[in-house]
Structures are given as structure tokens and as C-alpha cells.
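Everything below belongs to input03.csv, which stores CSV, C-alpha atoms.
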```csv
chain,number,residue,atom,x,y,z
A,1211,LYS,CA,2.4,-5.5,28.4
A,1212,ASN,CA,4.8,-7.6,26.4
A,1213,LEU,CA,4.5,-5.4,23.4
A,1214,LYS,CA,5.0,-2.2,25.4
A,1215,ALA,CA,8.1,-3.8,27.1
A,1216,HIS,CA,9.5,-4.8,23.7
A,1217,ILE,CA,9.0,-1.3,22.3
A,1218,ALA,CA,10.8,0.2,25.4
A,1219,GLN,CA,13.6,-2.4,25.0
A,1220,LEU,CA,14.1,-1.2,21.4
A,1221,GLY,CA,14.1,2.5,22.5
A,1222,PHE,CA,11.0,3.3,20.4
A,1223,GLU,CA,8.7,4.6,23.2
A,1224,GLU,CA,8.7,8.1,21.6
A,1225,LYS,CA,8.1,6.7,18.1
A,1226,VAL,CA,5.4,4.0,18.7
A,1227,ILE,CA,1.9,4.9,19.7
A,1228,LEU,CA,-0.6,2.2,20.5
A,1229,PRO,CA,-4.1,3.8,20.2
A,1230,GLY,CA,-6.0,0.6,20.5
A,1231,TYR,CA,-9.0,0.0,18.2
A,1232,VAL,CA,-9.8,2.9,15.9
A,1233,ASP,CA,-13.2,2.8,14.1
A,1234,TRP,CA,-12.8,3.2,10.4
A,1235,HIS,CA,-15.0,6.4,10.6
A,1236,ASP,CA,-12.3,8.0,12.8
A,1237,MET,CA,-9.2,6.7,10.9
A,1238,ALA,CA,-8.7,9.8,8.8
A,1239,ALA,CA,-7.9,11.8,11.9
A,1240,HIS,CA,-5.1,9.4,12.8
A,1241,TRP,CA,-3.2,9.2,9.5
A,1242,ASN,CA,-1.0,12.2,10.4
A,1243,ALA,CA,0.4,10.3,13.4
A,1244,VAL,CA,1.4,7.2,11.4
A,1245,ASP,CA,4.9,6.6,10.1
A,1246,CYS,CA,3.9,3.9,7.8
A,1247,ALA,CA,1.0,1.6,6.9
A,1248,ILE,CA,1.4,-2.1,7.3
A,1249,HIS,CA,-0.8,-4.6,5.3
A,1250,THR,CA,0.4,-8.1,5.8
A,1251,PRO,CA,-2.6,-10.4,5.6
A,1252,ARG,CA,-2.1,-13.9,6.9
A,1253,THR,CA,-4.0,-15.8,4.3
A,1254,GLY,CA,-3.6,-19.5,4.8
A,1255,ASN,CA,-6.7,-20.8,2.9
A,1256,TRP,CA,-7.3,-17.7,0.9
A,1257,THR,CA,-5.4,-15.2,-1.2
A,1258,GLU,CA,-5.7,-11.4,-1.0
A,1259,THR,CA,-7.3,-10.4,-4.3
A,1260,PHE,CA,-7.3,-6.6,-4.3
A,1261,SER,CA,-7.1,-4.7,-1.1
A,1262,LEU,CA,-8.8,-1.4,-1.0
A,1263,ALA,CA,-6.9,-0.8,2.3
A,1264,VAL,CA,-3.6,-0.8,0.5
A,1265,VAL,CA,-4.7,1.8,-2.1
A,1266,GLN,CA,-6.3,3.9,0.7
A,1267,ALA,CA,-3.0,3.9,2.6
A,1268,MET,CA,-1.1,4.7,-0.6
A,1269,ALA,CA,-3.3,7.8,-1.1
A,1270,THR,CA,-2.1,9.2,2.3
A,1271,GLY,CA,1.4,9.4,1.0
A,1272,LEU,CA,2.8,7.1,3.6
A,1273,PRO,CA,5.2,4.3,3.0
A,1274,ILE,CA,3.6,0.9,3.1
A,1275,ILE,CA,4.9,-2.4,4.2
A,1276,GLY,CA,3.1,-5.3,2.5
A,1277,ASN,CA,3.6,-9.0,2.1
A,1278,THR,CA,3.7,-11.5,-0.7
A,1279,SER,CA,0.0,-12.4,-0.4
A,1280,GLY,CA,-1.9,-12.2,-3.7
A,1281,SER,CA,-2.3,-8.8,-5.2
A,1282,VAL,CA,-0.4,-6.9,-2.4
A,1283,PRO,CA,2.9,-6.7,-4.3
A,1284,TYR,CA,1.1,-5.7,-7.5
A,1285,GLU,CA,-0.7,-2.9,-5.7
A,1286,ILE,CA,2.3,-1.6,-3.9
A,1287,GLY,CA,4.5,-1.9,-7.0
A,1288,PRO,CA,8.2,-2.0,-7.5
A,1289,ASP,CA,9.0,1.0,-5.3
A,1290,GLY,CA,7.2,-0.5,-2.2
A,1291,MET,CA,8.4,-2.6,0.7
A,1292,ILE,CA,7.4,-6.2,0.5
A,1293,VAL,CA,8.2,-9.0,3.0
A,1294,PRO,CA,7.4,-12.7,2.7
A,1295,GLU,CA,4.0,-13.7,4.1
A,1296,GLN,CA,4.3,-14.7,7.8
A,1297,ASP,CA,8.0,-13.7,8.0
A,1298,ILE,CA,7.9,-11.7,11.3
A,1299,LYS,CA,11.6,-11.1,11.3
A,1300,ALA,CA,11.5,-9.5,7.9
A,1301,LEU,CA,8.5,-7.4,8.9
A,1302,ASN,CA,10.4,-6.3,12.1
A,1303,GLU,CA,13.4,-5.3,10.1
A,1304,LYS,CA,11.3,-3.2,7.6
A,1305,ILE,CA,9.5,-1.4,10.5
A,1306,LYS,CA,12.8,-0.6,12.2
A,1307,TRP,CA,14.1,0.6,8.8
A,1308,VAL,CA,11.2,3.0,8.4
A,1309,LEU,CA,11.7,4.4,11.9
A,1310,GLU,CA,15.4,4.8,11.5
A,1311,HIS,CA,15.3,6.3,7.9
A,1312,PRO,CA,12.4,8.8,7.9
A,1313,GLN,CA,13.6,10.7,4.8
A,1314,GLU,CA,14.0,7.6,2.7
A,1315,ALA,CA,10.6,6.3,4.0
A,1316,LYS,CA,9.0,9.6,3.1
A,1317,GLN,CA,10.3,9.3,-0.5
A,1318,ILE,CA,8.8,5.8,-0.7
A,1319,GLY,CA,5.5,7.3,0.6
A,1320,GLU,CA,5.6,9.9,-2.2
A,1321,LYS,CA,6.0,7.1,-4.7
A,1322,MET,CA,3.0,5.3,-3.2
A,1323,LEU,CA,0.9,8.5,-3.5
A,1324,TRP,CA,1.9,8.8,-7.1
A,1325,ARG,CA,1.0,5.2,-7.8
A,1326,ALA,CA,-2.4,5.6,-6.1
A,1327,GLU,CA,-3.2,8.6,-8.2
A,1328,HIS,CA,-1.8,7.4,-11.5
A,1329,CYS,CA,-2.7,3.7,-11.3
A,1330,PHE,CA,-5.7,3.2,-9.1
A,1331,SER,CA,-7.7,6.5,-9.0
A,1332,ILE,CA,-11.3,6.6,-10.2
A,1333,ARG,CA,-10.3,9.0,-13.0
A,1334,HIS,CA,-7.7,6.5,-14.3
A,1335,LEU,CA,-10.1,3.6,-13.9
A,1336,ASN,CA,-12.7,5.5,-15.9
A,1337,ASP,CA,-10.2,6.3,-18.7
A,1338,CYS,CA,-9.3,2.6,-18.9
A,1339,ILE,CA,-12.9,1.4,-18.9
A,1340,TYR,CA,-13.9,4.0,-21.5
A,1341,ASP,CA,-11.1,3.1,-23.8
A,1342,ILE,CA,-11.8,-0.7,-23.4
A,1343,PHE,CA,-15.5,-0.1,-24.2
A,1344,ILE,CA,-14.6,1.9,-27.4
A,1345,ASP,CA,-12.4,-1.0,-28.4
A,1346,ILE,CA,-15.2,-3.5,-27.8
A,1347,CYS,CA,-17.6,-1.4,-29.9
A,1348,ASN,CA,-14.9,-1.4,-32.7
A,1349,GLY,CA,-14.2,-5.2,-32.3
A,1350,VAL,CA,-10.7,-4.6,-31.2
A,1351,TYR,CA,-8.7,-6.2,-28.4
A,1352,ASP,CA,-5.6,-4.3,-27.1
A,1353,PRO,CA,-3.6,-6.3,-24.5
A,1354,GLN,CA,-1.9,-3.1,-23.4
A,1355,LYS,CA,-5.2,-2.1,-21.7
A,1356,VAL,CA,-5.5,-5.2,-19.5
A,1357,ASP,CA,-3.4,-3.8,-16.6
A,1358,MET,CA,-4.6,-0.5,-15.2
A,1359,ALA,CA,-1.4,-0.2,-13.2
A,1360,THR,CA,0.6,0.1,-16.4
A,1361,TYR,CA,-2.0,1.5,-18.9
A,1362,LYS,CA,-1.1,5.1,-19.8
A,1363,VAL,CA,0.9,5.5,-16.5
A,1364,ASN,CA,3.9,7.3,-18.0
A,1365,GLU,CA,2.0,9.5,-20.4
```

Could you write out this structure as C-alpha cells?
Amino acid sequence: KNLKAHIAQLGFEEKVILPGYVDWHDMAAHWNAVDCAIHTPRTGNWTETFSLAVVQAMATGLPIIGNTSGSVPYEIGPDGMIVPEQDIKALNEKIKWVLEHPQEAKQIGEKMLWRAEHCFSIRHLNDCIYDIFIDICNGVYDPQKVDMATYKVNE
């Protein structure tokens, strides 16, 4: 009730849908109704290492709001929206910005899709691993191949 009242107070009743729990099997059917994806783990005793959920959200072409936990900023990259971990005010401001700037948010989503395809796709990962194995067979170490988010990204 409090959340619904707060949404109404902000005038976002037409923009915010609260579907309740959605099973992961059914999630694909809901992505078209989403304005942005939010991945802000509250880690405390652990660190987010590599979140498949972030890359899956990026692949939808939606803008993503992430936080400073572990690999989240790395995955989202320089064109994404990052807030400090557990900073509810900053998260609130980013969510409002997305709702108030749909065209700019869409452009961020397009950059997220590009990053998912060019940095984290299976094809890209296969290329990186293949090239690294060739180097290993030849006794070569190339530090340029260490980071799949930068390896051959602009070719």
C-alpha cells in the first residue's frame, strides 16, 4: 500500500506496473512492458562477481540501472547508469530520470544492446577463447586478450 501511495504521489500511476512475482520462465513475455532494468545487489558480505541477469537485461535493449557492486559497473560499461550501492536516493533519481526522459533512456538501451552483442555474446566469447588457445599453443601471452569487454570490440 505504501509503495502504491508513493507511486500515486509522484504521478507515476500510468507508468509503473507492479505485476508481483514473475517466474523466470515467463519473464520474456514481460520485457516489452519494462522501461528499464534495475540490478542493484545489496551485497554486504559478498561481491557481485558476474551477473548473467545484467547481460540478459542488456540483450533486451533496455536501459539498465546498476550499482557499484563488484562487476556490475564493468558489465554495464561507460554508457550505463550506475548508482552507489545502497544509495536509495540516487536510485530514485535515476528511475525518475528514465521515466521523464524516454528518448535518452532508449538511446542508453541501444548502447546496452550493442555492448551485450559485442562484448558478452557467445560468439564473441568463442572468438576470445579460440584466440587465447592459439596463443597458448604458440607459447604467447597477449595482455590485450585478457578483457573480453575490450578485445576486438571496435573492429

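Going from CA of Trp1324 in chain A to CA of Arg1252 in chain A covers 27.0 Å.
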
> Once you count all atoms listed in the file, which residues end up no further than 10 Å from (7.7, -13.2, 6.3) in the file's frame, shown as number ranges by chain?
Replying inline: A: 1250, 1252, 1276-1278, 1292-1302

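The coordinates place CA of Ala1315 in chain A at 9.8 Å from CA of Gly1290 in chain A.
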
> So how far away is CA of Phe1260 in chain A from CA of Lys1321 in chain A, in Å?
Replying inline: 19.1 Å

>> Set the distance at 12 Å and use all atoms listed in the file: which residues neighbour Thr1270 in chain A once local chain neighbours fewer than 2 positions away are removed? I'd like the list as an NGL selection string.
In response: :A and (1237-1247 or 1263-1268 or 1272-1274 or 1316 or 1318-1327)

Selection export as a compact mmCIF listing (two decimals), keeping the file's coordinate frame, atoms kept: C-alpha atoms:
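So part_39.txt came out as:
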```txt
# COMPACT_ATOMS: atom_id res chain seq x y z
CA MET A 1237 -9.20 6.70 10.90
CA ALA A 1238 -8.70 9.80 8.80
CA ALA A 1239 -7.90 11.80 11.90
CA HIS A 1240 -5.10 9.40 12.80
CA TRP A 1241 -3.20 9.20 9.50
CA ASN A 1242 -1.00 12.20 10.40
CA ALA A 1243 0.40 10.30 13.40
CA VAL A 1244 1.40 7.20 11.40
CA ASP A 1245 4.90 6.60 10.10
CA CYS A 1246 3.90 3.90 7.80
CA ALA A 1247 1.00 1.60 6.90
CA ALA A 1263 -6.90 -0.80 2.30
CA VAL A 1264 -3.60 -0.80 0.50
CA VAL A 1265 -4.70 1.80 -2.10
CA GLN A 1266 -6.30 3.90 0.70
CA ALA A 1267 -3.00 3.90 2.60
CA MET A 1268 -1.10 4.70 -0.60
CA LEU A 1272 2.80 7.10 3.60
CA PRO A 1273 5.20 4.30 3.00
CA ILE A 1274 3.60 0.90 3.10
CA LYS A 1316 9.00 9.60 3.10
CA ILE A 1318 8.80 5.80 -0.70
CA GLY A 1319 5.50 7.30 0.60
CA GLU A 1320 5.60 9.90 -2.20
CA LYS A 1321 6.00 7.10 -4.70
CA MET A 1322 3.00 5.30 -3.20
CA LEU A 1323 0.90 8.50 -3.50
CA TRP A 1324 1.90 8.80 -7.10
CA ARG A 1325 1.00 5.20 -7.80
CA ALA A 1326 -2.40 5.60 -6.10
CA GLU A 1327 -3.20 8.60 -8.20
```

>> Quick one: residues within 12 Å of range 1341-1358 of chain A, only C-alpha atoms, excluding same-chain residues fewer than 3 positions away - as a PyMOL selection string?
In response: chain A and resi 1284-1285+1325-1338+1361-1364

> Which polymer residues have any atom within 9 Å of an atom of Thr1253 in chain A, counting all atoms listed in the file, with same-chain residues fewer than 4 positions away left out, as a list in words?
Replying inline: Thr1257, Glu1258, Ser1279 and Glu1295 of chain A

Generate the missing atoms of range 1295-1306 of chain A up to all heavy atoms and report them as an mmCIF file, in the frame of the given file.
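Written file, part.cif:
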```
data_model
loop_
_atom_site.group_PDB
_atom_site.id
_atom_site.type_symbol
_atom_site.label_atom_id
_atom_site.label_comp_id
_atom_site.auth_asym_id
_atom_site.auth_seq_id
_atom_site.Cartn_x
_atom_site.Cartn_y
_atom_site.Cartn_z
ATOM 1 N N GLU A 1295 5.173 -13.445 3.228
ATOM 2 C CA GLU A 1295 4.000 -13.700 4.100
ATOM 3 C C GLU A 1295 4.468 -14.490 5.332
ATOM 4 O O GLU A 1295 5.220 -15.452 5.215
ATOM 5 C CB GLU A 1295 2.931 -14.423 3.357
ATOM 6 C CG GLU A 1295 1.663 -14.573 4.167
ATOM 7 C CD GLU A 1295 0.516 -15.192 3.389
ATOM 8 O OE1 GLU A 1295 0.622 -15.318 2.148
ATOM 9 O OE2 GLU A 1295 -0.480 -15.549 4.019
ATOM 10 N N GLN A 1296 4.035 -14.057 6.496
ATOM 11 C CA GLN A 1296 4.300 -14.700 7.800
ATOM 12 C C GLN A 1296 5.752 -14.621 8.236
ATOM 13 O O GLN A 1296 6.151 -15.307 9.170
ATOM 14 C CB GLN A 1296 3.768 -16.117 7.829
ATOM 15 C CG GLN A 1296 2.274 -16.189 7.618
ATOM 16 C CD GLN A 1296 1.723 -17.591 7.786
ATOM 17 O OE1 GLN A 1296 2.244 -18.381 8.554
ATOM 18 N NE2 GLN A 1296 0.649 -17.886 7.065
ATOM 19 N N ASP A 1297 6.572 -13.794 7.595
ATOM 20 C CA ASP A 1297 8.000 -13.700 8.000
ATOM 21 C C ASP A 1297 8.080 -12.475 8.970
ATOM 22 O O ASP A 1297 8.297 -11.332 8.570
ATOM 23 C CB ASP A 1297 8.860 -13.429 6.766
ATOM 24 C CG ASP A 1297 10.345 -13.442 7.100
ATOM 25 O OD1 ASP A 1297 10.710 -13.204 8.272
ATOM 26 O OD2 ASP A 1297 11.135 -13.674 6.168
ATOM 27 N N ILE A 1298 7.907 -12.776 10.237
ATOM 28 C CA ILE A 1298 7.900 -11.700 11.300
ATOM 29 C C ILE A 1298 9.220 -11.035 11.390
ATOM 30 O O ILE A 1298 9.274 -9.828 11.613
ATOM 31 C CB ILE A 1298 7.471 -12.366 12.636
ATOM 32 C CG1 ILE A 1298 6.089 -13.004 12.538
ATOM 33 C CG2 ILE A 1298 7.522 -11.337 13.746
ATOM 34 C CD1 ILE A 1298 4.993 -12.066 12.076
ATOM 35 N N LYS A 1299 10.317 -11.761 11.213
ATOM 36 C CA LYS A 1299 11.600 -11.100 11.300
ATOM 37 C C LYS A 1299 11.814 -10.085 10.204
ATOM 38 O O LYS A 1299 12.284 -8.977 10.461
ATOM 39 C CB LYS A 1299 12.729 -12.202 11.204
ATOM 40 C CG LYS A 1299 14.108 -11.624 11.393
ATOM 41 C CD LYS A 1299 15.178 -12.692 11.415
ATOM 42 C CE LYS A 1299 16.468 -12.007 11.755
ATOM 43 N NZ LYS A 1299 17.642 -12.451 11.254
ATOM 44 N N ALA A 1300 11.429 -10.425 8.973
ATOM 45 C CA ALA A 1300 11.500 -9.500 7.900
ATOM 46 C C ALA A 1300 10.643 -8.261 8.105
ATOM 47 O O ALA A 1300 11.040 -7.117 7.840
ATOM 48 C CB ALA A 1300 11.199 -10.141 6.543
ATOM 49 N N LEU A 1301 9.439 -8.483 8.623
ATOM 50 C CA LEU A 1301 8.500 -7.400 8.900
ATOM 51 C C LEU A 1301 9.137 -6.484 10.005
ATOM 52 O O LEU A 1301 9.136 -5.252 9.870
ATOM 53 C CB LEU A 1301 7.174 -7.922 9.385
ATOM 54 C CG LEU A 1301 6.143 -6.878 9.803
ATOM 55 C CD1 LEU A 1301 5.840 -5.908 8.670
ATOM 56 C CD2 LEU A 1301 4.864 -7.586 10.273
ATOM 57 N N ASN A 1302 9.702 -7.084 11.030
ATOM 58 C CA ASN A 1302 10.400 -6.300 12.100
ATOM 59 C C ASN A 1302 11.474 -5.458 11.539
ATOM 60 O O ASN A 1302 11.605 -4.278 11.886
ATOM 61 C CB ASN A 1302 10.882 -7.307 13.151
ATOM 62 C CG ASN A 1302 11.639 -6.628 14.256
ATOM 63 O OD1 ASN A 1302 12.774 -6.181 14.044
ATOM 64 N ND2 ASN A 1302 11.038 -6.559 15.419
ATOM 65 N N GLU A 1303 12.283 -6.035 10.652
ATOM 66 C CA GLU A 1303 13.400 -5.300 10.100
ATOM 67 C C GLU A 1303 12.900 -4.102 9.229
ATOM 68 O O GLU A 1303 13.491 -3.020 9.266
ATOM 69 C CB GLU A 1303 14.271 -6.214 9.225
ATOM 70 C CG GLU A 1303 15.056 -7.196 10.068
ATOM 71 C CD GLU A 1303 15.728 -8.300 9.264
ATOM 72 O OE1 GLU A 1303 15.619 -8.290 8.013
ATOM 73 O OE2 GLU A 1303 16.356 -9.176 9.884
ATOM 74 N N LYS A 1304 11.813 -4.291 8.470
ATOM 75 C CA LYS A 1304 11.300 -3.200 7.600
ATOM 76 C C LYS A 1304 10.711 -2.090 8.531
ATOM 77 O O LYS A 1304 10.893 -0.897 8.236
ATOM 78 C CB LYS A 1304 10.165 -3.701 6.712
ATOM 79 C CG LYS A 1304 10.670 -4.482 5.539
ATOM 80 C CD LYS A 1304 11.412 -3.608 4.547
ATOM 81 C CE LYS A 1304 11.806 -4.441 3.347
ATOM 82 N NZ LYS A 1304 12.801 -3.821 2.527
ATOM 83 N N ILE A 1305 10.007 -2.458 9.593
ATOM 84 C CA ILE A 1305 9.500 -1.400 10.500
ATOM 85 C C ILE A 1305 10.587 -0.632 11.117
ATOM 86 O O ILE A 1305 10.538 0.605 11.155
ATOM 87 C CB ILE A 1305 8.571 -2.093 11.588
ATOM 88 C CG1 ILE A 1305 7.311 -2.684 10.964
ATOM 89 C CG2 ILE A 1305 8.218 -1.074 12.674
ATOM 90 C CD1 ILE A 1305 6.499 -3.558 11.906
ATOM 91 N N LYS A 1306 11.619 -1.319 11.587
ATOM 92 C CA LYS A 1306 12.800 -0.600 12.200
ATOM 93 C C LYS A 1306 13.424 0.302 11.120
ATOM 94 O O LYS A 1306 13.807 1.428 11.430
ATOM 95 C CB LYS A 1306 13.790 -1.588 12.733
ATOM 96 C CG LYS A 1306 13.362 -2.176 14.053
ATOM 97 C CD LYS A 1306 14.511 -2.762 14.837
ATOM 98 C CE LYS A 1306 14.872 -4.126 14.382
ATOM 99 N NZ LYS A 1306 15.852 -4.801 15.235
#
```
